[in-house]
Amino acid sequence: MLREEKHWYKDMQIFTLPQLSIDLAGNNLASPNEETLLLIAGGREPAHQWLKTVASKRKICCADKGADYCRALSTPPTIWVGDGDSCAIETAHWLKESCPHQYPLPRAKDFTDSQFLLDIIAQNFAPTSNILITGVWGGRFDHLYSLIFTLAKFSQTHPYLCCADDKECLYFLPPKCKLTLNFHKPPLALSLLPISTICRGVTTSGTFWNLTASELKRDFPYAISNILAEKNQPCTVEHQSGLLAVYCSWQS
């Protein structure tokens, strides 16, 4: 029996960050539209130059404290949501004068500021928009846990979504797609994190410990702390079913 040959279509460079570029290919991918968004949550502040670079030519939307990072760039967001419990008073005054779309929220509510922001994005922008979200990492574990799983669900309808700052990057890889990572700065660790209960048919290339049609389980995530086989070579990740998060770290 002849081996079935895979044909990857629409190999697209979907993100270009200071430390890497990300290409995505798949049989059933809709092409990304020209809308490029930068969402800024209230976690760890990205390095100033990194944020300035990625903010260029992107429409900025932020949740609560993320507005502080916008003010540091002297770049007002298009959309701000929040209950105002974590951004500076000076920033609140600045927003009133510079941000055209503001959604003040009560402090007592059944959702987070970031979840509300994602709902606004879903209502006002196409599912094929290119969305980079930063200010994700750092802070309390419960905040990070909530945001990561909220973003994982969001990525199932918005496939061009990447979480990143200058130290960490995470991409939710849909099934039957191939991700290619071209590093401008080699990561110190590369991990595959199953978000769904099981991810099947996981295959990698360009890493020190490659996988071939492997099965990864959420309750036993062992495919972590991998490294590149060669510093200047790309690596690829693909899988057949489930939702897989591809994570890179540049921090020791």
# chains A, B, ... in the order shown; residues from 1 in each chain; ligands from 1

call {"tool": "residues_around", "arguments": {"residues": "A:Thr53", "least_positions_apart": "4", "cutoff": "12 Å", "atoms": "only C-alpha atoms", "output": "list in words"}}
result
Thr16, Leu17, Pro18, Gln19, Leu38, Pro46, Ala47, His48, Gln49, Lys57, Arg58, Leu73, Asp165 and Asp166 of chain A

call {"tool": "write_last_selection", "arguments": {"atoms": "N, CA and C atoms", "output": "CSV table (one decimal), in the first residue's frame"}}
result
chain,number,residue,atom,x,y,z
A,16,THR,N,5.6,37.8,13.2
A,16,THR,CA,7.0,38.1,13.2
A,16,THR,C,7.3,38.9,14.4
A,17,LEU,N,8.0,38.3,15.3
A,17,LEU,CA,8.4,38.9,16.6
A,17,LEU,C,9.9,39.2,16.6
A,18,PRO,N,10.4,40.0,17.5
A,18,PRO,CA,11.8,40.2,17.6
A,18,PRO,C,12.6,38.9,17.7
A,19,GLN,N,12.1,37.9,18.4
A,19,GLN,CA,12.9,36.7,18.7
A,19,GLN,C,12.6,35.5,17.8
A,38,LEU,N,-3.1,44.1,18.7
A,38,LEU,CA,-2.3,43.8,19.9
A,38,LEU,C,-3.1,44.0,21.1
A,46,PRO,N,6.0,43.7,29.3
A,46,PRO,CA,7.1,43.4,28.4
A,46,PRO,C,8.2,44.4,28.3
A,47,ALA,N,9.4,44.0,27.9
A,47,ALA,CA,10.5,45.0,27.7
A,47,ALA,C,10.0,46.1,26.8
A,48,HIS,N,10.4,47.3,27.1
A,48,HIS,CA,9.9,48.5,26.4
A,48,HIS,C,10.2,48.4,24.9
A,49,GLN,N,11.4,48.1,24.5
A,49,GLN,CA,11.7,48.1,23.1
A,49,GLN,C,11.0,46.9,22.4
A,57,LYS,N,2.1,49.5,13.9
A,57,LYS,CA,1.1,49.1,12.8
A,57,LYS,C,0.0,48.2,13.3
A,58,ARG,N,-0.1,48.0,14.6
A,58,ARG,CA,-1.2,47.2,15.2
A,58,ARG,C,-2.2,48.0,15.9
A,73,LEU,N,4.5,53.9,26.3
A,73,LEU,CA,4.8,54.0,24.9
A,73,LEU,C,4.3,55.3,24.3
A,165,ASP,N,5.7,37.7,25.0
A,165,ASP,CA,6.5,38.9,25.4
A,165,ASP,C,7.9,38.6,25.0
A,166,ASP,N,8.9,39.4,25.6
A,166,ASP,CA,10.3,39.2,25.2
A,166,ASP,C,10.9,37.9,25.9

call {"tool": "residues_around", "arguments": {"residues": "A:His93", "least_positions_apart": "4", "cutoff": "12 Å", "atoms": "only C-alpha atoms", "output": "PyMOL selection string"}}
result
chain A and resi 67-68+71+76+84+87-89+97-99

call {"tool": "residues_around", "arguments": {"residues": "stretch 31-34 of chain A", "least_positions_apart": "3", "cutoff": "7 Å", "atoms": "only C-alpha atoms", "output": "list of chain:residue names"}}
result
A:Thr128, A:Ser129, A:Asn130

call {"tool": "residues_around", "arguments": {"residues": "stretch 108-117 of chain A", "least_positions_apart": "4", "cutoff": "8 Å", "atoms": "only C-alpha atoms", "output": "PyMOL selection string"}}
result
chain A and resi 41+61-64+80-83+121+147+150

call {"tool": "write_last_selection", "arguments": {"atoms": "N, CA, C and O atoms", "output": "CSV table (one decimal), in the first residue's frame"}}
result
chain,number,residue,atom,x,y,z
A,41,ALA,N,-2.8,42.6,28.3
A,41,ALA,CA,-3.4,42.3,29.6
A,41,ALA,C,-2.5,42.9,30.7
A,41,ALA,O,-1.5,43.5,30.4
A,61,CYS,N,-5.6,47.2,21.9
A,61,CYS,CA,-6.7,47.0,22.8
A,61,CYS,C,-6.2,46.5,24.2
A,61,CYS,O,-5.3,45.6,24.1
A,62,CYS,N,-6.6,47.0,25.3
A,62,CYS,CA,-6.0,46.6,26.5
A,62,CYS,C,-7.0,46.4,27.6
A,62,CYS,O,-8.1,47.0,27.6
A,63,ALA,N,-6.6,45.6,28.6
A,63,ALA,CA,-7.4,45.3,29.8
A,63,ALA,C,-6.7,46.0,31.0
A,63,ALA,O,-5.6,45.7,31.3
A,64,ASP,N,-7.4,46.8,31.7
A,64,ASP,CA,-7.0,47.4,32.9
A,64,ASP,C,-5.6,47.9,33.0
A,64,ASP,O,-5.2,48.8,32.3
A,80,TRP,N,-10.2,50.1,25.6
A,80,TRP,CA,-9.8,49.8,27.0
A,80,TRP,C,-11.0,49.3,27.8
A,80,TRP,O,-12.1,49.8,27.7
A,81,VAL,N,-10.8,48.2,28.5
A,81,VAL,CA,-11.8,47.6,29.4
A,81,VAL,C,-11.2,47.4,30.7
A,81,VAL,O,-10.0,47.1,30.9
A,82,GLY,N,-12.0,47.6,31.8
A,82,GLY,CA,-11.4,47.3,33.1
A,82,GLY,C,-12.2,47.9,34.2
A,82,GLY,O,-13.1,48.8,34.0
A,83,ASP,N,-11.9,47.5,35.5
A,83,ASP,CA,-12.6,48.0,36.6
A,83,ASP,C,-11.7,49.1,37.3
A,83,ASP,O,-12.1,49.6,38.3
A,121,ILE,N,-13.6,41.8,21.4
A,121,ILE,CA,-12.8,41.5,20.2
A,121,ILE,C,-13.7,40.6,19.3
A,121,ILE,O,-13.8,40.8,18.1
A,147,LEU,N,-6.6,32.9,32.4
A,147,LEU,CA,-6.4,33.5,31.1
A,147,LEU,C,-5.9,32.5,30.0
A,147,LEU,O,-6.4,32.5,28.9
A,150,THR,N,-8.9,30.4,29.0
A,150,THR,CA,-9.8,31.3,28.2
A,150,THR,C,-9.3,31.5,26.8
A,150,THR,O,-10.1,31.4,25.8

call {"tool": "residues_around", "arguments": {"residues": "stretch 134-137 of chain A", "least_positions_apart": "2", "cutoff": "10 Å", "atoms": "only C-alpha atoms", "output": "PyMOL selection string"}}
result
chain A and resi 38-46+51+54+62-63+65-66+69+114+131-132+139-141+143-144+147-148+162-169

call {"tool": "closest_atom_pairs", "arguments": {"of": "stretch 101-184 of chain A", "to": "stretch 232-252 of chain A", "cutoff": "6 Å", "atoms": "only C-alpha atoms", "output": "CSV"}}
result
residue,atom,partner,partner_atom,distance
A:Lys167,CA,A:Trp250,CA,4.9
A:Glu168,CA,A:Ser249,CA,4.5
A:Cys169,CA,A:Cys248,CA,5.2
A:Leu170,CA,A:Tyr247,CA,4.4
A:Tyr171,CA,A:Val246,CA,5.2
A:Phe172,CA,A:Ala245,CA,4.4
A:Leu173,CA,A:Leu244,CA,5.3
A:Pro174,CA,A:Leu243,CA,5.7
A:Pro175,CA,A:Ser241,CA,4.9
A:Lys176,CA,A:Gln240,CA,4.8
A:Cys177,CA,A:Glu238,CA,5.8
A:Lys178,CA,A:Glu238,CA,4.4
A:Leu179,CA,A:Val237,CA,5.1
A:Thr180,CA,A:Thr236,CA,4.4
A:Leu181,CA,A:Cys235,CA,5.4
A:Asn182,CA,A:Pro234,CA,4.6

call {"tool": "write_last_selection", "arguments": {"atoms": "N, CA and C atoms", "output": "CSV table (one decimal), in the first residue's frame"}}
result
chain,number,residue,atom,x,y,z
A,167,LYS,N,10.2,37.3,26.8
A,167,LYS,CA,10.7,36.2,27.6
A,167,LYS,C,10.0,34.8,27.3
A,168,GLU,N,8.8,34.9,26.8
A,168,GLU,CA,8.0,33.7,26.6
A,168,GLU,C,7.0,33.8,25.5
A,169,CYS,N,6.7,32.7,24.8
A,169,CYS,CA,5.8,32.7,23.7
A,169,CYS,C,5.0,31.4,23.7
A,170,LEU,N,3.7,31.5,23.4
A,170,LEU,CA,2.9,30.3,23.4
A,170,LEU,C,1.9,30.5,22.2
A,171,TYR,N,1.8,29.4,21.4
A,171,TYR,CA,0.8,29.4,20.3
A,171,TYR,C,0.0,28.1,20.4
A,172,PHE,N,-1.4,28.3,20.3
A,172,PHE,CA,-2.3,27.2,20.3
A,172,PHE,C,-2.4,26.6,18.9
A,173,LEU,N,-1.9,25.4,18.7
A,173,LEU,CA,-1.8,24.8,17.4
A,173,LEU,C,-3.1,24.0,17.1
A,174,PRO,N,-3.9,24.3,16.1
A,174,PRO,CA,-5.1,23.5,15.8
A,174,PRO,C,-4.6,22.2,15.2
A,175,PRO,N,-5.5,21.2,15.2
A,175,PRO,CA,-5.2,19.9,14.6
A,175,PRO,C,-5.1,20.0,13.1
A,176,LYS,N,-4.3,19.0,12.6
A,176,LYS,CA,-4.1,18.9,11.1
A,176,LYS,C,-3.5,20.2,10.5
A,177,CYS,N,-2.7,20.8,11.3
A,177,CYS,CA,-1.9,22.0,10.9
A,177,CYS,C,-0.4,21.8,11.2
A,178,LYS,N,0.4,22.5,10.5
A,178,LYS,CA,1.9,22.4,10.8
A,178,LYS,C,2.4,23.8,11.1
A,179,LEU,N,3.1,23.9,12.2
A,179,LEU,CA,3.7,25.1,12.7
A,179,LEU,C,5.2,25.0,12.4
A,180,THR,N,5.7,26.1,11.9
A,180,THR,CA,7.2,26.2,11.7
A,180,THR,C,7.7,27.4,12.4
A,181,LEU,N,8.6,27.2,13.3
A,181,LEU,CA,9.2,28.3,14.1
A,181,LEU,C,10.6,28.6,13.6
A,182,ASN,N,10.8,29.8,13.2
A,182,ASN,CA,12.1,30.3,12.7
A,182,ASN,C,12.7,31.3,13.8

call {"tool": "closest_residue", "arguments": {"among": "A:Tyr160, A:Asp142, A:Asn226, A:Phe208", "to": "A:Asp23", "atoms": "only C-alpha atoms"}}
result
A:Tyr160

call {"tool": "atom_distance", "arguments": {"atom1": "atom CA of A:Ser74", "atom2": "atom CA of A:Glu35"}}
result
21.9 Å

call {"tool": "closest_residue", "arguments": {"among": "A:Thr36, A:Ser191, A:Asn124, A:Thr78", "to": "A:Thr207", "atoms": "only C-alpha atoms"}}
result
A:Ser191

call {"tool": "closest_residue", "arguments": {"among": "A:Ile22, A:Pro100, A:Asn210, A:Ser56", "to": "A:Pro77", "atoms": "only C-alpha atoms"}}
result
A:Pro100

call {"tool": "select_by_dssp", "arguments": {"residues": "stretch 7-200 of chain A", "states": "strand (DSSP E or B)", "output": "PyMOL selection string"}}
result
chain A and resi 12-16+20-26+36-40+59-63+79-82+101-104+130-134+161-164+168-173+177-183+189-194+198-200

call {"tool": "residues_around", "arguments": {"residues": "A:Lys231", "least_positions_apart": "6", "cutoff": "10 Å", "atoms": "only C-alpha atoms", "output": "PDB file with N, CA and C atoms, in the first residue's frame"}}
result
ATOM      1  N   PHE A 183      13.721  30.866  14.455  1.00  0.00           N
ATOM      2  CA  PHE A 183      14.191  31.637  15.601  1.00  0.00           C
ATOM      3  C   PHE A 183      15.276  32.632  15.201  1.00  0.00           C
ATOM      4  N   HIS A 184      15.074  33.887  15.583  1.00  0.00           N
ATOM      5  CA  HIS A 184      16.123  34.897  15.458  1.00  0.00           C
ATOM      6  C   HIS A 184      17.028  34.848  16.688  1.00  0.00           C
ATOM      7  N   LYS A 185      16.472  34.339  17.779  1.00  0.00           N
ATOM      8  CA  LYS A 185      17.200  34.135  19.030  1.00  0.00           C
ATOM      9  C   LYS A 185      16.800  32.753  19.560  1.00  0.00           C
ATOM     10  N   PRO A 186      17.727  31.793  19.629  1.00  0.00           N
ATOM     11  CA  PRO A 186      17.362  30.438  20.041  1.00  0.00           C
ATOM     12  C   PRO A 186      16.758  30.423  21.441  1.00  0.00           C
ATOM     13  N   PRO A 187      15.661  29.688  21.648  1.00  0.00           N
ATOM     14  CA  PRO A 187      15.063  29.608  22.978  1.00  0.00           C
ATOM     15  C   PRO A 187      15.889  28.703  23.895  1.00  0.00           C
ATOM     16  N   GLY A 206      13.555  19.127  13.971  1.00  0.00           N
ATOM     17  CA  GLY A 206      14.452  20.218  14.320  1.00  0.00           C
ATOM     18  C   GLY A 206      14.729  20.373  15.797  1.00  0.00           C
ATOM     19  N   THR A 207      14.195  19.464  16.627  1.00  0.00           N
ATOM     20  CA  THR A 207      14.460  19.515  18.062  1.00  0.00           C
ATOM     21  C   THR A 207      15.423  18.389  18.450  1.00  0.00           C
TER      22      THR A 207
END

call {"tool": "select_by_dssp", "arguments": {"residues": "stretch 77-178 of chain A", "states": "alpha helix (DSSP H)", "output": "PyMOL selection string"}}
result
chain A and resi 89-98+113-124+141-155

call {"tool": "write_last_selection", "arguments": {"atoms": "C-alpha atoms", "output": "PDB file, in the first residue's frame"}}
result
ATOM      1  CA  ILE A  89      -4.584  57.109  38.510  1.00  0.00           C
ATOM      2  CA  GLU A  90      -2.532  59.120  36.004  1.00  0.00           C
ATOM      3  CA  THR A  91      -3.270  56.480  33.387  1.00  0.00           C
ATOM      4  CA  ALA A  92      -7.013  56.695  34.070  1.00  0.00           C
ATOM      5  CA  HIS A  93      -6.912  60.450  33.394  1.00  0.00           C
ATOM      6  CA  TRP A  94      -4.820  59.882  30.259  1.00  0.00           C
ATOM      7  CA  LEU A  95      -7.331  57.317  28.950  1.00  0.00           C
ATOM      8  CA  LYS A  96     -10.243  59.734  29.303  1.00  0.00           C
ATOM      9  CA  GLU A  97      -8.515  62.124  26.926  1.00  0.00           C
ATOM     10  CA  SER A  98      -6.967  59.665  24.465  1.00  0.00           C
ATOM     11  CA  ASP A 113     -11.293  42.084  32.563  1.00  0.00           C
ATOM     12  CA  SER A 114      -9.396  40.048  29.962  1.00  0.00           C
ATOM     13  CA  GLN A 115     -12.374  37.762  29.345  1.00  0.00           C
ATOM     14  CA  PHE A 116     -14.564  40.807  28.738  1.00  0.00           C
ATOM     15  CA  LEU A 117     -11.954  42.229  26.347  1.00  0.00           C
ATOM     16  CA  LEU A 118     -11.923  38.983  24.341  1.00  0.00           C
ATOM     17  CA  ASP A 119     -15.703  39.132  24.117  1.00  0.00           C
ATOM     18  CA  ILE A 120     -15.460  42.678  22.710  1.00  0.00           C
ATOM     19  CA  ILE A 121     -12.849  41.480  20.195  1.00  0.00           C
ATOM     20  CA  ALA A 122     -15.074  38.577  19.111  1.00  0.00           C
ATOM     21  CA  GLN A 123     -18.003  40.961  18.552  1.00  0.00           C
ATOM     22  CA  ASN A 124     -16.080  43.600  16.598  1.00  0.00           C
ATOM     23  CA  PHE A 141      -1.065  31.500  39.111  1.00  0.00           C
ATOM     24  CA  ASP A 142      -4.867  31.652  39.284  1.00  0.00           C
ATOM     25  CA  HIS A 143      -4.894  34.686  36.961  1.00  0.00           C
ATOM     26  CA  LEU A 144      -2.557  32.910  34.522  1.00  0.00           C
ATOM     27  CA  TYR A 145      -4.563  29.665  34.657  1.00  0.00           C
ATOM     28  CA  SER A 146      -7.814  31.515  33.945  1.00  0.00           C
ATOM     29  CA  LEU A 147      -6.354  33.487  31.053  1.00  0.00           C
ATOM     30  CA  ILE A 148      -4.555  30.558  29.375  1.00  0.00           C
ATOM     31  CA  PHE A 149      -7.648  28.344  29.303  1.00  0.00           C
ATOM     32  CA  THR A 150      -9.838  31.272  28.220  1.00  0.00           C
ATOM     33  CA  LEU A 151      -7.411  31.944  25.369  1.00  0.00           C
ATOM     34  CA  ALA A 152      -7.312  28.238  24.490  1.00  0.00           C
ATOM     35  CA  LYS A 153     -11.076  28.249  23.942  1.00  0.00           C
ATOM     36  CA  PHE A 154     -10.876  31.568  22.065  1.00  0.00           C
ATOM     37  CA  SER A 155      -8.207  30.119  19.747  1.00  0.00           C
TER      38      SER A 155
END
